[in-house]
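**Q** mmCIF, C-alpha atoms, saved as entry-v7.cif, coming up:
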data_work
#
loop_
_atom_site.label_atom_id
_atom_site.label_comp_id
_atom_site.auth_asym_id
_atom_site.auth_seq_id
_atom_site.Cartn_x
_atom_site.Cartn_y
_atom_site.Cartn_z
CA MET A 1 -14.72 -12.04 -6.00
CA MET A 2 -10.91 -11.89 -6.25
CA ASN A 3 -10.93 -10.30 -9.73
CA ARG A 4 -13.49 -7.61 -8.80
CA ARG A 5 -11.63 -6.66 -5.63
CA LEU A 6 -8.28 -6.76 -7.43
CA LEU A 7 -9.57 -4.32 -10.03
CA LEU A 8 -10.91 -2.02 -7.31
CA ARG A 9 -7.61 -2.21 -5.44
CA THR A 10 -5.36 -1.53 -8.38
CA SER A 11 -7.42 1.31 -9.84
CA SER A 12 -6.59 3.76 -7.07
CA ALA A 13 -3.75 4.75 -4.76
CA ALA A 14 -2.23 2.72 -1.93
CA VAL A 15 0.31 2.68 0.78
CA ALA A 16 2.15 -0.24 2.40
CA GLY A 17 4.88 -2.09 4.62
CA ALA A 18 6.13 -5.56 6.70
CA LEU A 19 9.51 -7.33 5.87
CA GLY A 20 13.04 -6.36 4.88
CA ALA A 21 13.96 -6.77 1.19
CA ALA A 22 16.54 -9.37 2.09
CA ALA A 23 13.84 -11.38 3.85
CA LEU A 24 11.57 -11.46 0.81
CA PRO A 25 11.48 -14.77 -1.04
CA ASP A 26 13.22 -14.70 -4.44
CA THR A 27 9.88 -15.13 -6.18
CA VAL A 28 8.46 -11.99 -4.57
CA ALA A 29 11.61 -9.93 -5.20
CA THR A 30 11.70 -11.09 -8.82
CA ALA A 31 7.99 -10.44 -9.28
CA ALA A 32 8.36 -6.93 -7.90
CA GLU A 33 11.04 -6.19 -10.50
CA ALA A 34 9.07 -7.71 -13.36
CA THR A 35 6.93 -5.80 -15.84
CA PRO A 36 3.55 -5.13 -14.23
CA GLY A 37 1.06 -7.90 -14.93
CA PRO A 38 -2.51 -8.48 -13.77
CA SER A 39 -1.53 -8.38 -10.08
CA ALA A 40 0.81 -5.37 -10.29
CA ARG A 41 -0.74 -2.38 -11.95
CA PRO A 42 0.31 1.24 -12.07
CA ILE A 43 -1.67 3.52 -9.79
CA GLY A 44 -2.71 6.82 -11.37
CA GLY A 45 -1.71 8.29 -14.71
CA SER A 46 0.54 11.27 -15.21
CA GLY A 47 1.37 13.45 -12.27
CA PRO A 48 2.49 12.85 -8.71
CA THR A 49 1.26 9.22 -8.61
CA ASP A 50 2.72 8.24 -12.01
CA GLY A 51 4.69 4.98 -11.76
CA VAL A 52 3.34 3.91 -8.35
CA THR A 53 2.41 0.20 -8.35
CA ARG A 54 0.61 -2.14 -5.97
CA ARG A 55 1.10 -5.91 -6.21
CA LEU A 56 -1.45 -8.17 -4.51
CA LEU A 57 0.54 -10.82 -2.63
CA GLN A 58 -2.25 -12.66 -0.82
CA GLU A 59 -5.87 -12.40 0.23
CA HIS A 60 -7.66 -14.57 2.82
CA PRO A 61 -10.94 -14.54 4.74
CA SER A 62 -10.52 -13.14 8.25
CA PRO A 63 -11.76 -15.05 11.30
CA ALA A 64 -14.24 -12.17 11.72
CA GLU A 65 -17.30 -12.63 9.50
CA GLY A 66 -17.39 -10.20 6.56
CA TRP A 67 -13.74 -9.16 6.87
CA GLU A 68 -10.64 -10.25 5.00
CA ALA A 69 -6.87 -10.01 5.33
CA VAL A 70 -5.07 -8.59 2.29
CA GLN A 71 -1.34 -8.14 1.78
CA THR A 72 0.24 -5.93 -0.89
CA LEU A 73 3.67 -4.76 -1.99
CA VAL A 74 3.70 -1.08 -3.00
CA GLU A 75 6.48 0.63 -4.92
CA ILE A 76 6.69 4.42 -5.06
CA PRO A 77 9.34 5.93 -7.38
CA ARG A 78 11.51 8.87 -6.28
CA HIS A 79 9.60 12.17 -5.99
CA LYS A 80 6.22 10.39 -6.34
CA GLU A 81 3.37 9.69 -3.90
CA SER A 82 0.48 7.31 -3.37
CA GLY A 83 -2.16 10.06 -3.40
CA ARG A 84 -4.65 10.83 -0.61
CA HIS A 85 -6.70 7.75 0.23
CA SER A 86 -8.23 5.66 3.03
CA HIS A 87 -9.02 1.99 3.71
CA PRO A 88 -12.16 0.29 5.14
CA GLY A 89 -10.10 -1.28 7.94
CA VAL A 90 -6.66 -1.09 9.52
CA GLU A 91 -3.31 -1.10 7.69
CA VAL A 92 -0.23 -2.56 9.37
CA GLY A 93 2.90 -1.86 7.37
CA TYR A 94 6.67 -1.96 7.14
CA ILE A 95 9.10 0.07 5.03
CA ILE A 96 11.22 -2.46 3.18
CA ARG A 97 13.32 0.17 1.40
CA GLY A 98 13.31 3.94 1.15
CA ASP A 99 12.18 7.07 2.96
CA VAL A 100 8.52 8.09 3.19
CA LEU A 101 6.69 11.05 4.61
CA MET A 102 3.31 9.64 5.65
CA GLU A 103 0.92 12.59 5.58
CA PHE A 104 -2.45 12.53 7.37
CA ASP A 105 -5.47 14.84 7.19
CA ASP A 106 -6.03 14.72 10.95
CA ARG A 107 -2.55 14.54 12.55
CA PRO A 108 1.08 15.57 11.99
CA PRO A 109 3.07 13.74 9.27
CA LEU A 110 5.18 10.73 10.17
CA ARG A 111 8.71 10.28 8.74
CA LEU A 112 9.40 6.61 7.99
CA ARG A 113 12.71 5.05 6.91
CA THR A 114 13.89 1.59 5.88
CA GLY A 115 13.01 -0.85 8.66
CA ASP A 116 10.26 1.26 10.23
CA PRO A 117 6.83 -0.24 10.95
CA PHE A 118 3.63 1.81 10.78
CA PHE A 119 -0.06 1.52 11.65
CA ILE A 120 -2.91 3.39 9.98
CA PRO A 121 -6.35 3.30 11.65
CA GLU A 122 -9.53 2.49 9.75
CA GLY A 123 -10.73 5.40 7.62
CA ALA A 124 -7.69 7.64 8.22
CA ILE A 125 -7.01 9.71 5.09
CA HIS A 126 -3.30 9.52 4.29
CA ASN A 127 -0.68 9.91 1.54
CA ALA A 128 2.73 8.22 1.29
CA ARG A 129 5.25 10.61 -0.28
CA ASN A 130 8.65 9.23 -1.34
CA VAL A 131 11.18 11.73 0.05
CA GLY A 132 14.24 9.52 -0.45
CA THR A 133 16.72 8.75 -3.22
CA VAL A 134 15.48 5.27 -4.24
CA THR A 135 12.17 3.67 -5.17
CA THR A 136 10.36 3.04 -1.90
CA MET A 137 9.03 -0.47 -1.23
CA MET A 138 6.37 -0.98 1.43
CA LEU A 139 4.66 -4.17 2.53
CA SER A 140 1.16 -3.61 3.90
CA THR A 141 -1.28 -5.97 5.52
CA TYR A 142 -4.88 -4.83 5.75
CA VAL A 143 -7.79 -6.25 7.72
CA VAL A 144 -10.74 -4.76 5.87
CA ASP A 145 -14.48 -4.97 5.28
CA ALA A 146 -14.76 -7.52 2.45
CA THR A 147 -17.75 -5.72 0.92
CA LYS A 148 -15.90 -2.44 0.29
CA PRO A 149 -13.06 -1.45 -2.06
CA LEU A 150 -9.61 -1.69 -0.47
CA VAL A 151 -8.88 1.95 -1.35
CA THR A 152 -11.02 5.08 -1.53
CA THR A 153 -9.24 8.04 -3.15
CA TYR A 154 -9.79 11.74 -2.42
#
Step by step, read the file and then write its structure as structure tokens.
**A**
Amino acid sequence: MMNRRLLLRTSSAAVAGALGAAALPDTVATAAEATPGPSARPIGGSGPTDGVTRRLLQEHPSPAEGWEAVQTLVEIPRHKESGRHSHPGVEVGYIIRGDVLMEFDDRPPLRLRTGDPFFIPEGAIHNARNVGTVTTMMLSTYVVDATKPLVTTY
């Protein structure tokens, strides 16, 4: 199941957030800087999402039947964005580094900076746009329906 869900996750856009870069273990920081492998794949092709990557950090069954907890590290280069998407559950995130304009279809945008947490409700269509001067890093933890793809793009 891990490989199928990983492919579904990494084939479309994502958003993220939950620890400071200094708090990341060396293995995670090094992995994030490494050439993308099977668990860190570019999201999108050419265009506004070019160069955006999502790295699966961990995935575990949730105490609630049929749900799972998933954690990812997302990197969004300068002047790029995740693309409009939603998740089949909640996203609890933290901006590790950078400045993001989190845009929503149903509410005003939210400006997020290094150190800011965020929460995205189930099904909310959103887009993370890097509006800063460095590659944005976000750590996101999702509690999602295990039978659905992590990301649905629009």
**Q** What gap, in Å, lies between atom CA of A:Arg97 and atom CA of A:Gly47?
**A**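 Going from atom CA of A:Arg97 over to atom CA of A:Gly47 covers 22.5 Å.
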**Q** Smallest atom-to-atom distance to A:His126: which of A:Asp145, A:Asp99, A:Asp50, A:Glu81, using only C-alpha atoms?
**A**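 Comparing A:Asp145, A:Asp99, A:Asp50, A:Glu81 against A:His126, the winner is A:Glu81.
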**Q** From the options A:Thr141, A:Thr152, A:Ser82, A:Gln71, which residue's atoms come nearest to A:Arg129, counting all atoms listed in the file?
**A** A:Ser82
**Q** Taking into account only C-alpha atoms, which residue in the set A:Gly66, A:Gly51, A:Gly89, A:Gly83 is nearest to A:Leu101?
**A**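 Using only C-alpha atoms, the shortest distance to A:Leu101 belongs to A:Gly83.
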**Q** I need the residue nearest A:Asn127 from this list: A:Arg55, A:Arg84, A:His79, A:Lys148. Use only C-alpha atoms for the distance.
**A**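 The shortest atom-to-atom distance to A:Asn127 comes from A:Arg84.
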**Q** So which one's closest to A:Thr114, A:Ile95, A:Val134, A:Val74, A:Val90? Using only C-alpha atoms, please.
**A**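 Checking each candidate against A:Thr114, we get A:Ile95 as the closest.
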**Q** Between A:Pro109, A:Gly115, A:Pro63, A:Pro77, single out the one closest to A:Leu139, counting all atoms listed in the file.
**A** A:Gly115
**Q** Would you compute the distance between atom CA of A:His85 and atom CA of A:Val151? Give it in Å to one decimal.
**A** 6.4 Å
**Q** List the residues matched by the PyMOL selection byres ((chain A and resi 147) around 10) in the displayed structure as a ChimeraX atom specification, ordered by chain and then by residue number.
**A** /A:1,5,66-68,88,144-146,148-150
**Q** Around the point (-8.7, 7.4, 4.5) in the file's coordinates, collect all residues with an atom within 6 Å, using all atoms listed in the file, and return them as a list in words.
**A**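 It turns out the residues near that spot are His85, Ser86, His87, Gly123, Ala124, Ile125 and His126 of chain A.
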**Q** State, in Å with one decimal place, the distance from atom CA of A:Arg111 to atom CA of A:Ala69.
**A**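 That distance, rounded to one decimal, is 25.8 Å.
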**Q** List as a ChimeraX atom specification the protein and nucleic acid residues near A:Arg78, meaning an atom at most 8 Å away when all atoms listed in the file are counted, but skip any in the same chain fewer than 5 places from it.
**A** /A:130-136
**Q** Taking all atoms of stretch 65-79 of chain A that appear in the file, build a box with edges along x, y and z, extend it by 5 Å on every side, and state its centre and edge lengths in Å to one decimal, as AutoDock Vina command-line options.
**A**
--center_x -2.9 --center_y -0.2 --center_z 1.1 --size_x 38.9 --size_y 34.8 --size_z 26.9
**Q** Start from the incomplete input, build N, CA and C atoms for stretch 58-74 of chain A, and deliver everything as a compact mmCIF listing (two decimals), in the frame of the given file.
**A**
# COMPACT_ATOMS: atom_id res chain seq x y z
N GLN A 58 -1.33 -11.63 -1.31
CA GLN A 58 -2.25 -12.66 -0.82
C GLN A 58 -3.51 -12.02 -0.27
N GLU A 59 -4.56 -12.83 -0.24
CA GLU A 59 -5.87 -12.40 0.23
C GLU A 59 -6.55 -13.62 0.85
N HIS A 60 -7.04 -13.45 2.10
CA HIS A 60 -7.66 -14.57 2.82
C HIS A 60 -8.83 -14.08 3.65
N PRO A 61 -9.85 -14.92 3.83
CA PRO A 61 -10.94 -14.54 4.74
C PRO A 61 -10.37 -14.35 6.15
N SER A 62 -10.90 -13.39 6.86
CA SER A 62 -10.52 -13.14 8.25
C SER A 62 -11.37 -14.03 9.15
N PRO A 63 -10.90 -14.31 10.36
CA PRO A 63 -11.76 -15.05 11.30
C PRO A 63 -13.05 -14.29 11.63
N ALA A 64 -13.03 -12.96 11.47
CA ALA A 64 -14.24 -12.17 11.72
C ALA A 64 -15.12 -12.18 10.47
N GLU A 65 -16.36 -12.55 10.63
CA GLU A 65 -17.30 -12.63 9.50
C GLU A 65 -17.38 -11.31 8.74
N GLY A 66 -17.27 -11.38 7.40
CA GLY A 66 -17.39 -10.20 6.56
C GLY A 66 -16.10 -9.40 6.38
N TRP A 67 -15.03 -9.85 6.98
CA TRP A 67 -13.74 -9.16 6.87
C TRP A 67 -12.74 -10.06 6.17
N GLU A 68 -11.70 -9.46 5.62
CA GLU A 68 -10.64 -10.25 5.00
C GLU A 68 -9.28 -9.63 5.28
N ALA A 69 -8.25 -10.46 5.18
CA ALA A 69 -6.87 -10.01 5.33
C ALA A 69 -6.26 -9.95 3.93
N VAL A 70 -5.65 -8.82 3.61
CA VAL A 70 -5.07 -8.59 2.29
C VAL A 70 -3.64 -8.09 2.49
N GLN A 71 -2.72 -8.61 1.69
CA GLN A 71 -1.34 -8.14 1.78
C GLN A 71 -0.88 -7.68 0.40
N THR A 72 -0.23 -6.50 0.36
CA THR A 72 0.24 -5.93 -0.89
C THR A 72 1.67 -5.44 -0.76
N LEU A 73 2.35 -5.36 -1.89
CA LEU A 73 3.67 -4.76 -1.99
C LEU A 73 3.50 -3.51 -2.85
N VAL A 74 3.85 -2.35 -2.29
CA VAL A 74 3.70 -1.08 -3.00
C VAL A 74 5.08 -0.53 -3.31
